[in-house]
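target_2.cif, holding mmCIF, C-alpha atoms:
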```cif
data_run
#
loop_
_atom_site.label_atom_id
_atom_site.label_comp_id
_atom_site.auth_asym_id
_atom_site.auth_seq_id
_atom_site.Cartn_x
_atom_site.Cartn_y
_atom_site.Cartn_z
CA MET G 153 83.19 -6.37 -61.50
CA LEU G 154 81.14 -6.88 -58.35
CA ASN G 155 80.91 -10.63 -58.80
CA GLU G 156 84.71 -10.95 -58.95
CA LYS G 157 85.13 -8.86 -55.81
CA ILE G 158 82.59 -11.02 -54.01
CA LYS G 159 84.36 -14.20 -55.15
CA GLN G 160 87.70 -12.88 -53.89
CA LEU G 161 86.25 -11.94 -50.51
CA ALA G 162 84.41 -15.26 -50.19
CA LYS G 163 87.69 -17.06 -50.78
CA GLN G 164 89.54 -14.76 -48.38
CA TYR G 165 87.01 -15.17 -45.58
CA ALA G 166 86.34 -18.90 -46.08
CA PRO G 167 88.78 -20.09 -43.34
CA GLU G 168 87.20 -17.71 -40.82
CA LEU G 169 83.71 -18.83 -41.78
CA ILE G 170 84.65 -22.50 -41.54
CA SER G 171 85.85 -21.74 -38.01
CA ILE G 172 82.51 -20.07 -37.27
CA ARG G 173 80.66 -23.08 -38.65
CA ARG G 174 82.68 -25.42 -36.44
CA GLN G 175 81.98 -23.29 -33.39
CA LEU G 176 78.26 -23.43 -34.11
CA HIS G 177 78.38 -27.14 -34.91
CA ALA G 178 80.07 -27.95 -31.62
CA ASN G 179 77.48 -25.99 -29.65
CA PRO G 180 74.06 -26.90 -31.07
CA GLU G 181 70.79 -25.85 -29.48
CA LEU G 182 67.30 -27.21 -29.99
CA SER G 183 64.40 -25.29 -31.52
CA TYR G 184 63.39 -22.17 -29.59
CA GLN G 185 66.34 -22.68 -27.24
CA GLU G 186 68.96 -20.99 -29.45
CA PHE G 187 69.95 -18.46 -26.78
CA LYS G 188 73.74 -18.88 -27.05
CA THR G 189 73.55 -19.14 -30.83
CA ALA G 190 71.61 -15.88 -31.02
CA GLU G 191 74.12 -14.15 -28.76
CA TYR G 192 76.94 -15.45 -30.95
CA VAL G 193 75.24 -14.05 -34.07
CA LYS G 194 74.68 -10.70 -32.35
CA ALA G 195 78.34 -10.55 -31.34
CA LYS G 196 79.46 -11.19 -34.91
CA LEU G 197 77.11 -8.53 -36.28
CA THR G 198 78.38 -6.10 -33.65
CA GLU G 199 81.97 -6.79 -34.74
CA LEU G 200 80.94 -5.92 -38.29
CA GLY G 201 79.10 -2.78 -37.26
CA ILE G 202 75.80 -4.10 -38.61
CA ALA G 203 72.65 -2.89 -36.89
CA PHE G 204 70.32 -5.58 -35.56
CA GLU G 205 67.41 -6.18 -33.24
CA PRO G 206 66.14 -9.29 -31.45
CA LYS G 207 63.01 -10.97 -32.77
CA ALA G 208 60.88 -13.88 -31.57
CA THR G 209 63.01 -14.37 -28.42
CA THR G 210 65.91 -16.21 -30.08
CA GLY G 211 65.75 -14.67 -33.54
CA VAL G 212 67.87 -11.82 -34.89
CA LEU G 213 67.11 -9.31 -37.63
CA GLY G 214 70.03 -7.41 -39.12
CA ILE G 215 69.95 -4.71 -41.76
CA ILE G 216 72.54 -3.37 -44.21
CA SER G 217 71.99 -0.28 -46.31
CA GLY G 218 73.73 0.19 -49.63
CA LYS G 219 73.39 3.13 -51.98
CA ASN G 220 69.87 4.51 -52.33
CA PRO G 221 68.49 2.28 -49.52
CA GLU G 222 64.85 2.69 -50.52
CA SER G 223 65.38 1.66 -54.14
CA ARG G 224 65.39 -2.08 -53.47
CA VAL G 225 64.89 -4.35 -50.45
CA ILE G 226 65.89 -8.03 -50.38
CA ALA G 227 65.73 -10.41 -47.40
CA LEU G 228 68.26 -13.20 -46.83
CA ARG G 229 67.31 -15.93 -44.37
CA ALA G 230 69.15 -18.57 -42.33
CA ASP G 231 67.82 -20.95 -39.66
CA MET G 232 69.79 -21.67 -36.47
CA ASP G 233 68.30 -24.64 -34.57
CA ALA G 234 69.58 -28.20 -34.24
CA LEU G 235 68.01 -31.64 -33.83
CA PRO G 236 67.70 -34.14 -30.94
CA ILE G 237 70.22 -36.57 -32.45
CA VAL G 238 73.38 -38.10 -30.95
CA GLU G 239 76.25 -37.26 -33.29
CA GLU G 240 78.41 -40.17 -34.45
CA ASN G 241 81.03 -38.21 -36.39
CA ASP G 242 84.59 -38.40 -35.06
CA VAL G 243 85.63 -34.83 -35.84
CA PRO G 244 87.26 -32.04 -33.78
CA TYR G 245 84.05 -30.01 -33.96
CA LYS G 246 81.74 -32.83 -32.82
CA SER G 247 78.75 -31.70 -30.77
CA THR G 248 79.57 -31.02 -27.13
CA ASN G 249 75.87 -30.98 -26.27
CA ASN G 250 75.16 -34.70 -26.00
CA GLY G 251 71.94 -35.71 -27.74
CA VAL G 252 71.77 -32.52 -29.80
CA MET G 253 73.32 -32.18 -33.25
CA HIS G 254 73.37 -29.86 -36.24
CA ALA G 255 72.23 -32.73 -38.44
CA CYS G 256 70.40 -30.55 -40.95
CA GLY G 257 73.08 -28.00 -41.74
CA HIS G 258 71.63 -24.99 -39.96
CA ASP G 259 75.10 -24.24 -38.60
CA VAL G 260 76.19 -23.96 -42.24
CA HIS G 261 73.25 -21.74 -43.15
CA THR G 262 73.99 -19.37 -40.26
CA SER G 263 77.71 -19.22 -41.09
CA ILE G 264 76.94 -18.49 -44.73
CA LEU G 265 74.57 -15.64 -43.88
CA LEU G 266 77.14 -14.16 -41.50
CA GLY G 267 79.71 -14.38 -44.28
CA ALA G 268 77.37 -12.81 -46.82
CA ALA G 269 76.64 -10.03 -44.32
CA LYS G 270 80.38 -9.38 -43.90
CA ILE G 271 80.90 -9.12 -47.66
CA LEU G 272 77.80 -7.03 -48.33
CA ASN G 273 78.70 -4.65 -45.54
CA GLU G 274 82.25 -4.26 -46.84
CA LEU G 275 80.99 -3.56 -50.37
CA LYS G 276 77.91 -1.52 -49.45
CA ASP G 277 79.08 1.44 -51.54
CA GLU G 278 78.99 -0.78 -54.65
CA TRP G 279 75.40 -2.04 -54.60
CA GLU G 280 72.03 -0.37 -54.26
CA GLY G 281 69.18 -0.89 -51.85
CA THR G 282 68.75 -2.58 -48.48
CA VAL G 283 69.40 -6.15 -47.36
CA LYS G 284 67.59 -7.61 -44.38
CA LEU G 285 69.35 -10.46 -42.59
CA ILE G 286 66.93 -12.92 -40.99
CA PHE G 287 68.51 -15.31 -38.48
CA GLN G 288 65.56 -17.50 -37.57
CA PRO G 289 64.92 -19.92 -34.70
CA GLY G 290 62.80 -23.05 -34.62
CA GLU G 291 62.71 -24.32 -38.19
CA GLU G 292 62.60 -27.93 -37.01
CA ARG G 293 59.56 -27.68 -34.76
CA ASN G 294 55.95 -26.61 -35.20
CA PRO G 295 54.63 -24.05 -35.68
CA GLY G 296 57.95 -22.99 -37.23
CA GLY G 297 60.10 -20.04 -36.26
CA ALA G 298 59.35 -18.33 -39.56
CA SER G 299 55.74 -17.84 -38.45
CA TYR G 300 56.91 -16.04 -35.30
CA MET G 301 59.42 -13.89 -37.18
CA ILE G 302 56.73 -12.82 -39.64
CA LYS G 303 54.35 -11.95 -36.79
CA GLU G 304 57.07 -9.77 -35.30
CA GLY G 305 57.39 -7.79 -38.52
CA VAL G 306 60.59 -8.98 -40.22
CA LEU G 307 58.87 -8.63 -43.59
CA GLU G 308 57.75 -5.05 -42.94
CA ASN G 309 59.29 -1.60 -42.50
CA PRO G 310 60.73 -1.91 -45.07
CA ARG G 311 58.93 -4.67 -46.94
CA PRO G 312 61.27 -6.79 -49.10
CA GLN G 313 60.54 -7.33 -52.76
CA GLY G 314 61.61 -10.93 -52.20
CA ILE G 315 63.32 -13.34 -49.82
CA VAL G 316 66.13 -15.82 -50.48
CA GLY G 317 66.99 -18.94 -48.50
CA LEU G 318 69.31 -21.87 -49.11
CA HIS G 319 69.61 -25.42 -47.82
CA VAL G 320 72.55 -27.80 -47.86
CA HIS G 321 71.99 -30.73 -50.21
CA PRO G 322 74.00 -33.92 -49.53
CA GLY G 323 72.81 -35.35 -52.84
CA LEU G 324 74.54 -32.57 -54.78
CA ASN G 325 78.30 -32.30 -55.17
CA THR G 326 80.22 -29.41 -53.68
CA GLY G 327 80.51 -26.58 -56.17
CA GLN G 328 77.00 -27.12 -57.51
CA LEU G 329 73.74 -25.26 -56.91
CA SER G 330 70.19 -26.19 -57.83
CA PHE G 331 67.05 -24.11 -58.32
CA ARG G 332 63.43 -24.84 -59.15
CA LYS G 333 60.55 -22.53 -60.04
CA GLY G 334 57.11 -23.10 -58.57
CA ARG G 335 56.19 -25.57 -55.85
CA VAL G 336 59.33 -27.27 -54.58
CA MET G 337 58.55 -28.72 -51.11
CA ALA G 338 55.53 -30.24 -49.40
CA SER G 339 53.31 -29.11 -46.56
CA ALA G 340 53.80 -31.00 -43.29
CA ASP G 341 51.28 -31.74 -40.56
CA GLU G 342 51.75 -33.86 -37.45
CA ILE G 343 49.22 -36.54 -36.45
CA TYR G 344 48.69 -37.65 -32.84
CA ILE G 345 46.24 -40.46 -32.05
CA THR G 346 45.41 -42.14 -28.73
CA ILE G 347 43.25 -45.28 -28.72
CA ARG G 348 41.72 -46.21 -25.34
CA SER G 349 39.79 -49.10 -23.80
CA LYS G 350 39.68 -50.60 -20.31
CA GLY G 351 42.43 -53.09 -21.17
CA GLY G 352 42.48 -56.67 -20.01
CA HIS G 353 44.03 -60.13 -20.02
CA ALA G 354 45.47 -61.31 -23.30
CA ALA G 355 43.68 -64.63 -22.86
CA ALA G 356 40.31 -62.90 -22.67
CA PRO G 357 40.22 -60.36 -25.52
CA HIS G 358 36.42 -60.63 -25.67
CA LEU G 359 36.19 -58.74 -22.38
CA THR G 360 37.83 -55.58 -23.72
CA ALA G 361 38.66 -53.81 -26.97
CA ASP G 362 42.09 -54.82 -28.25
CA THR G 363 43.83 -51.46 -28.64
CA VAL G 364 46.86 -52.97 -30.39
CA LEU G 365 44.73 -54.76 -32.98
CA ILE G 366 42.65 -51.63 -33.51
CA ALA G 367 45.81 -49.57 -33.99
CA SER G 368 47.04 -52.07 -36.57
CA HIS G 369 43.79 -51.85 -38.55
CA LEU G 370 43.87 -48.08 -38.32
CA ILE G 371 47.40 -47.77 -39.68
CA VAL G 372 46.51 -49.85 -42.74
CA SER G 373 43.23 -48.00 -43.21
CA LEU G 374 44.93 -44.60 -43.10
CA GLN G 375 47.24 -45.64 -45.92
CA GLN G 376 44.22 -46.43 -48.07
CA ILE G 377 42.93 -42.90 -47.56
CA ILE G 378 45.96 -41.62 -49.44
CA SER G 379 46.09 -44.27 -52.16
CA ARG G 380 42.34 -44.25 -52.92
CA ASN G 381 41.37 -40.60 -52.54
CA LYS G 382 44.18 -38.35 -53.75
CA ASN G 383 44.96 -37.50 -57.34
CA PRO G 384 47.69 -39.99 -58.35
CA LEU G 385 49.50 -37.18 -60.16
CA SER G 386 49.86 -35.15 -56.94
CA PRO G 387 52.45 -36.50 -54.48
CA SER G 388 51.27 -37.13 -50.91
CA VAL G 389 52.64 -39.16 -48.00
CA LEU G 390 51.18 -40.34 -44.72
CA SER G 391 53.64 -42.14 -42.43
CA ILE G 392 52.88 -43.44 -38.94
CA CYS G 393 56.29 -43.34 -37.31
CA SER G 394 55.61 -44.25 -33.68
CA ILE G 395 53.51 -46.90 -31.90
CA GLN G 396 53.54 -46.85 -28.11
CA GLY G 397 51.48 -49.24 -26.01
CA GLY G 398 51.87 -52.19 -23.73
CA ASN G 399 54.91 -53.53 -21.90
CA THR G 400 54.42 -57.25 -21.47
CA THR G 401 53.23 -60.38 -23.30
CA ASN G 402 49.90 -61.09 -21.64
CA VAL G 403 48.19 -57.75 -21.08
CA ILE G 404 46.10 -55.90 -23.64
CA PRO G 405 47.02 -52.29 -22.91
CA SER G 406 44.37 -49.76 -22.05
CA GLU G 407 46.04 -47.21 -24.29
CA VAL G 408 48.00 -47.17 -27.54
CA LYS G 409 49.49 -43.97 -28.97
CA LEU G 410 50.31 -43.35 -32.63
CA MET G 411 52.29 -40.47 -34.06
CA GLY G 412 52.98 -39.65 -37.68
CA THR G 413 53.29 -37.08 -40.40
CA PHE G 414 51.17 -36.11 -43.39
CA ARG G 415 52.74 -34.41 -46.42
CA ALA G 416 51.06 -32.95 -49.49
CA MET G 417 51.90 -30.85 -52.52
CA ASP G 418 48.32 -29.61 -52.96
CA GLU G 419 46.85 -27.31 -50.31
CA ASP G 420 43.22 -28.13 -51.19
CA TRP G 421 43.85 -31.87 -50.94
CA ARG G 422 45.80 -31.29 -47.73
CA TYR G 423 42.75 -30.08 -45.82
CA LYS G 424 40.38 -32.52 -47.48
CA ALA G 425 42.69 -35.30 -46.32
CA HIS G 426 42.54 -34.00 -42.76
CA GLU G 427 38.76 -34.49 -42.75
CA LEU G 428 39.05 -37.95 -44.27
CA ILE G 429 41.64 -38.94 -41.67
CA ARG G 430 39.40 -37.76 -38.84
CA LYS G 431 36.29 -39.44 -40.21
CA ASN G 432 38.06 -42.71 -40.94
CA ALA G 433 39.91 -42.90 -37.62
CA VAL G 434 36.93 -42.08 -35.41
CA GLY G 435 34.61 -44.41 -37.30
CA LEU G 436 36.99 -47.36 -37.30
CA VAL G 437 38.08 -47.10 -33.68
CA GLU G 438 34.58 -46.61 -32.31
CA SER G 439 33.18 -49.43 -34.45
CA MET G 440 35.73 -51.75 -32.83
CA GLY G 441 34.67 -50.75 -29.33
CA ALA G 442 37.33 -48.28 -28.25
CA GLU G 443 37.61 -44.53 -27.78
CA ILE G 444 39.88 -42.20 -29.70
CA ASP G 445 41.56 -38.84 -29.25
CA LEU G 446 42.91 -37.42 -32.50
CA HIS G 447 44.84 -34.22 -33.04
CA ILE G 448 46.24 -32.95 -36.33
CA ASP G 449 48.81 -30.27 -35.62
CA ILE G 450 48.80 -27.97 -38.65
CA GLY G 451 52.38 -27.45 -39.72
CA TYR G 452 54.27 -25.80 -42.53
CA PRO G 453 52.69 -24.87 -45.85
CA THR G 454 54.18 -25.82 -49.20
CA VAL G 455 57.28 -23.95 -50.33
CA ASP G 456 56.41 -22.06 -53.51
CA ASN G 457 59.28 -20.44 -55.37
CA ASP G 458 58.01 -17.39 -57.20
CA PRO G 459 58.72 -18.05 -60.91
CA VAL G 460 59.87 -14.51 -61.78
CA PHE G 461 61.92 -13.98 -58.64
CA THR G 462 63.49 -17.44 -58.88
CA GLU G 463 64.29 -16.98 -62.57
CA ALA G 464 66.15 -13.78 -61.68
CA ALA G 465 68.08 -15.58 -58.93
CA TRP G 466 68.81 -18.51 -61.26
CA GLN G 467 70.24 -16.19 -63.90
CA LEU G 468 72.47 -14.51 -61.32
CA ALA G 469 73.65 -17.96 -60.25
CA ASN G 470 74.51 -18.80 -63.85
CA GLU G 471 76.48 -15.56 -64.05
CA PHE G 472 78.27 -16.10 -60.75
CA MET G 473 78.90 -19.86 -60.92
CA GLY G 474 78.73 -20.68 -64.62
CA LYS G 475 75.77 -22.57 -66.09
CA GLU G 476 77.56 -25.90 -65.80
CA HIS G 477 77.46 -25.54 -62.00
CA VAL G 478 73.74 -24.76 -61.76
CA GLU G 479 70.96 -27.29 -62.30
CA GLU G 480 67.28 -27.84 -61.64
CA THR G 481 66.51 -29.25 -58.23
CA GLU G 482 64.01 -32.03 -57.66
CA ILE G 483 60.62 -31.75 -55.98
CA ARG G 484 60.94 -32.98 -52.40
CA MET G 485 58.36 -34.24 -49.92
CA GLY G 486 60.40 -32.76 -47.13
CA ALA G 487 59.04 -29.58 -45.58
CA GLU G 488 60.48 -26.20 -44.68
CA ASP G 489 58.95 -23.32 -42.77
CA PHE G 490 60.43 -21.06 -45.46
CA GLY G 491 56.99 -21.72 -46.99
CA TYR G 492 55.51 -19.16 -44.59
CA TYR G 493 57.65 -16.44 -46.15
CA THR G 494 56.63 -17.45 -49.67
CA GLN G 495 52.98 -17.00 -48.69
CA VAL G 496 53.66 -13.31 -47.96
CA ILE G 497 56.29 -12.17 -50.48
CA PRO G 498 58.04 -13.70 -53.50
CA GLY G 499 60.65 -16.24 -52.45
CA CYS G 500 63.49 -18.34 -53.81
CA PHE G 501 64.65 -21.40 -51.87
CA TYR G 502 67.64 -23.10 -53.50
CA ARG G 503 70.09 -25.93 -52.78
CA LEU G 504 73.80 -25.84 -52.03
CA GLY G 505 75.81 -28.95 -52.87
CA VAL G 506 77.85 -30.29 -49.93
CA ARG G 507 78.61 -33.86 -51.06
CA ASN G 508 82.13 -35.18 -51.51
CA GLU G 509 82.39 -38.94 -51.94
CA SER G 510 86.20 -38.90 -51.92
CA LYS G 511 86.06 -37.52 -48.37
CA GLY G 512 83.31 -39.91 -47.31
CA ILE G 513 80.83 -37.06 -47.01
CA ILE G 514 77.77 -38.88 -48.30
CA HIS G 515 75.31 -39.06 -45.42
CA GLN G 516 71.84 -37.55 -45.55
CA VAL G 517 70.46 -34.82 -43.31
CA HIS G 518 68.77 -35.85 -40.05
CA THR G 519 71.20 -38.74 -39.57
CA PRO G 520 73.94 -39.12 -36.89
CA LYS G 521 76.75 -39.09 -39.47
CA PHE G 522 75.65 -36.08 -41.52
CA ASP G 523 78.47 -33.65 -42.31
CA ILE G 524 79.46 -31.36 -45.15
CA ASP G 525 82.43 -30.69 -47.38
CA GLU G 526 83.40 -27.36 -45.87
CA ASN G 527 84.62 -26.10 -49.26
CA ALA G 528 80.92 -25.55 -49.94
CA ILE G 529 80.90 -22.65 -47.50
CA GLU G 530 82.94 -20.46 -49.86
CA THR G 531 80.47 -21.21 -52.65
CA GLY G 532 77.48 -20.59 -50.42
CA VAL G 533 78.77 -17.31 -49.04
CA GLY G 534 79.68 -15.92 -52.43
CA MET G 535 76.37 -16.87 -53.99
CA MET G 536 74.29 -15.51 -51.11
CA ALA G 537 76.19 -12.23 -51.13
CA PHE G 538 75.82 -11.87 -54.91
CA LEU G 539 72.08 -12.49 -54.70
CA GLY G 540 71.77 -9.97 -51.88
CA ALA G 541 73.60 -7.36 -53.92
CA GLY G 542 72.09 -8.07 -57.31
CA LEU G 543 68.52 -9.34 -57.12
CA ASN G 544 66.13 -6.67 -58.33
CA VAL G 545 62.60 -7.73 -59.19
CA LYS G 546 59.85 -5.14 -58.90
#
```

Write the structure described by the file as structure tokens, please.
Amino acid sequence: MLNEKIKQLAKQYAPELISIRRQLHANPELSYQEFKTAEYVKAKLTELGIAFEPKATTGVLGIISGKNPESRVIALRADMDALPIVEENDVPYKSTNNGVMHACGHDVHTSILLGAAKILNELKDEWEGTVKLIFQPGEERNPGGASYMIKEGVLENPRPQGIVGLHVHPGLNTGQLSFRKGRVMASADEIYITIRSKGGHAAAPHLTADTVLIASHLIVSLQQIISRNKNPLSPSVLSICSIQGGNTTNVIPSEVKLMGTFRAMDEDWRYKAHELIRKNAVGLVESMGAEIDLHIDIGYPTVDNDPVFTEAAWQLANEFMGKEHVEETEIRMGAEDFGYYTQVIPGCFYRLGVRNESKGIIHQVHTPKFDIDENAIETGVGMMAFLGAGLNVK
């Protein structure tokens, strides 16, 4: 049975893949700067005899042909970039690049795809079709590395029938997977606002426009746009996460900058909200005597798991893992540039459990103490390889 062979190989190669993960974790690189990471991936593919080509500067596209290569094409995707976070874990594989950390598990994703590639290549006489290996840069930063990879043709020649991606899930115990059909993650846009006036003495606010006060009113007003205009049954979030302005107690600053994020699960509402944000912000700031620059940086679309394709993947997961180890994942307001792929071809984005409370591995992604139970790598590699070999949805 193919699934048993894949399980045996995943177990056999797990120590090597944990070592690969630790190497990647100790040497993180920021979005679009993954030059050493890409070279490392290329070297591993070369060792395996897997053909590849560079894409989008720091991306890599590999390809493995099984029996009857044109009968079926499936894409498997991993992201490779890290975050600007100072790691606080005291582990042998702690980041050696101070201020940069694999705090979202992309080192795990890359290691798992390399492991799946190794297994699929070793067993290529036992499965049919073609598997495309997408090692993608820049998931953490607009406009998203997926958009560049798509522009450079990773979903063409040959065109996959579907694409699979996974993400570590610190809320799910090791040994568990979770799937969801339909919309599973939100869109994400970045908001940049600058409020300007001539500034002035704090004791004479009547001689200028108080940029700090205006910014305060604007933040509250923007929240009301969401609560009073969106459908209450459709999740949406607007968070202003940065206020920069002023540096002393008695000067009204001439400039205050705001930065934030807007998330939505409805694409129509998403763009309607953009117009409401612009109209509200300009009107409020100008009515209070200041000037405004506003930029909404359009980010990732929603992640939409194709129901048929995801059902097929879910059933394979039940077969490979056992139903008791597979559950339905929750809708999340987080965003993923995997959504770009799902706009072009059917996609399935699922979760890999990495939590282990007994080991103290409980911290969320994007935090300085995030880590994984490395036993999850064996599970992740086996599942990804089995999906690559077995998914077949016309």

Given the file shown, determine the residues that the PyMOL selection byres ((chain G and resi 434-448) around 9) selects; report them as an MDAnalysis selection string.
chainID G and resid 341:350 360:363 366:367 369:370 373 426 429:433 449:451

Hey, what comes out of the PyMOL selection byres ((chain G and resi 176) around 9) on this file? Could you write it as a PyMOL selection string?
chain G and resi 171-175+177-180+189+192+232+245+247+254+258-260+262-263

What residues come out when you apply the PyMOL selection byres ((chain G and resi 269) around 12) to this file, written as JSON, numbers by chain?
{"G": [158, 161, 162, 165, 169, 193, 196, 197, 198, 199, 200, 201, 202, 203, 204, 213, 214, 215, 216, 217, 218, 227, 228, 229, 230, 262, 263, 264, 265, 266, 267, 268, 270, 271, 272, 273, 274, 275, 276, 282, 283, 284, 285, 286, 287, 533, 534, 535, 536, 537, 538, 539, 540, 541]}

Nearest to Leu428 (chain G) among G:Val460, G:Val389, G:Ala340, G:Ile378, with distances taken over all atoms listed in the file: which residue is it?
G:Ile378

Any idea what the distance is between CA of Pro498 (chain G) and CA of Gln313 (chain G)?
6.9 Å

Which of these, G:Lys219, G:His518, G:Lys188, G:Arg503, has the shortest distance to Glu480 (chain G) once you count all atoms listed in the file?
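Of G:Lys219, G:His518, G:Lys188, G:Arg503, the one nearest Glu480 (chain G) is G:Arg503, counting all atoms listed in the file.
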
For the atom pair CA of Phe187 (chain G) and CA of Cys256 (chain G), what is the interatomic distance in Å to one decimal place?
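Separation between CA of Phe187 (chain G) and CA of Cys256 (chain G): 18.6 Å.
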
Looking at only C-alpha atoms, which of G:Gly251, G:Gly491, G:Pro459, G:Gly351 is the one that sits closest to Gly397 (chain G)?
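Distance minimum relative to Gly397 (chain G) lands on G:Gly351.
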
Coordinates-based distance that separates CA of Gly327 (chain G) from CA of Gly499 (chain G) (Å, one decimal)
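The value is 22.7 Å.
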
Got a minute to add N, CA and C atoms to region 412-433 of chain G and dump it as an mmCIF file, in the frame of the given file?
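Printed below is result09.cif as written:
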```cif
data_model
loop_
_atom_site.group_PDB
_atom_site.id
_atom_site.type_symbol
_atom_site.label_atom_id
_atom_site.label_comp_id
_atom_site.auth_asym_id
_atom_site.auth_seq_id
_atom_site.Cartn_x
_atom_site.Cartn_y
_atom_site.Cartn_z
ATOM 1 N N GLY G 412 52.526 -39.593 -36.298
ATOM 2 C CA GLY G 412 52.980 -39.650 -37.680
ATOM 3 C C GLY G 412 52.962 -38.290 -38.344
ATOM 4 N N THR G 413 53.240 -38.314 -39.627
ATOM 5 C CA THR G 413 53.290 -37.080 -40.400
ATOM 6 C C THR G 413 52.500 -37.237 -41.688
ATOM 7 N N PHE G 414 51.899 -36.138 -42.121
ATOM 8 C CA PHE G 414 51.170 -36.110 -43.390
ATOM 9 C C PHE G 414 51.753 -35.007 -44.253
ATOM 10 N N ARG G 415 52.132 -35.361 -45.483
ATOM 11 C CA ARG G 415 52.740 -34.410 -46.420
ATOM 12 C C ARG G 415 51.903 -34.324 -47.682
ATOM 13 N N ALA G 416 51.829 -33.138 -48.251
ATOM 14 C CA ALA G 416 51.060 -32.950 -49.490
ATOM 15 C C ALA G 416 51.674 -31.821 -50.301
ATOM 16 N N MET G 417 51.446 -31.908 -51.612
ATOM 17 C CA MET G 417 51.900 -30.850 -52.520
ATOM 18 C C MET G 417 50.724 -30.033 -53.046
ATOM 19 N N ASP G 418 49.529 -30.314 -52.543
ATOM 20 C CA ASP G 418 48.320 -29.610 -52.960
ATOM 21 C C ASP G 418 47.589 -29.151 -51.701
ATOM 22 N N GLU G 419 47.445 -27.841 -51.532
ATOM 23 C CA GLU G 419 46.850 -27.310 -50.310
ATOM 24 C C GLU G 419 45.366 -27.659 -50.173
ATOM 25 N N ASP G 420 44.636 -27.747 -51.275
ATOM 26 C CA ASP G 420 43.220 -28.130 -51.190
ATOM 27 C C ASP G 420 43.090 -29.585 -50.732
ATOM 28 N N TRP G 421 43.869 -30.463 -51.348
ATOM 29 C CA TRP G 421 43.850 -31.870 -50.940
ATOM 30 C C TRP G 421 44.320 -32.036 -49.495
ATOM 31 N N ARG G 422 45.277 -31.219 -49.095
ATOM 32 C CA ARG G 422 45.800 -31.290 -47.730
ATOM 33 C C ARG G 422 44.675 -31.234 -46.702
ATOM 34 N N TYR G 423 43.800 -30.250 -46.837
ATOM 35 C CA TYR G 423 42.750 -30.080 -45.820
ATOM 36 C C TYR G 423 41.588 -31.048 -46.030
ATOM 37 N N LYS G 424 41.357 -31.458 -47.253
ATOM 38 C CA LYS G 424 40.380 -32.520 -47.480
ATOM 39 C C LYS G 424 40.838 -33.813 -46.821
ATOM 40 N N ALA G 425 42.136 -34.091 -46.931
ATOM 41 C CA ALA G 425 42.690 -35.300 -46.320
ATOM 42 C C ALA G 425 42.560 -35.266 -44.812
ATOM 43 N N HIS G 426 42.722 -34.103 -44.205
ATOM 44 C CA HIS G 426 42.540 -34.000 -42.760
ATOM 45 C C HIS G 426 41.150 -34.500 -42.347
ATOM 46 N N GLU G 427 40.129 -34.075 -43.081
ATOM 47 C CA GLU G 427 38.760 -34.490 -42.750
ATOM 48 C C GLU G 427 38.570 -35.982 -42.970
ATOM 49 N N LEU G 428 39.155 -36.516 -44.026
ATOM 50 C CA LEU G 428 39.050 -37.950 -44.270
ATOM 51 C C LEU G 428 39.757 -38.753 -43.185
ATOM 52 N N ILE G 429 40.908 -38.268 -42.741
ATOM 53 C CA ILE G 429 41.640 -38.940 -41.670
ATOM 54 C C ILE G 429 40.809 -38.969 -40.393
ATOM 55 N N ARG G 430 40.223 -37.822 -40.052
ATOM 56 C CA ARG G 430 39.400 -37.760 -38.840
ATOM 57 C C ARG G 430 38.205 -38.701 -38.929
ATOM 58 N N LYS G 431 37.490 -38.619 -40.040
ATOM 59 C CA LYS G 431 36.290 -39.440 -40.210
ATOM 60 C C LYS G 431 36.620 -40.914 -40.169
ATOM 61 N N ASN G 432 37.660 -41.309 -40.879
ATOM 62 C CA ASN G 432 38.060 -42.710 -40.940
ATOM 63 C C ASN G 432 38.506 -43.214 -39.568
ATOM 64 N N ALA G 433 39.348 -42.453 -38.891
ATOM 65 C CA ALA G 433 39.910 -42.900 -37.620
ATOM 66 C C ALA G 433 38.833 -43.034 -36.553
#
```
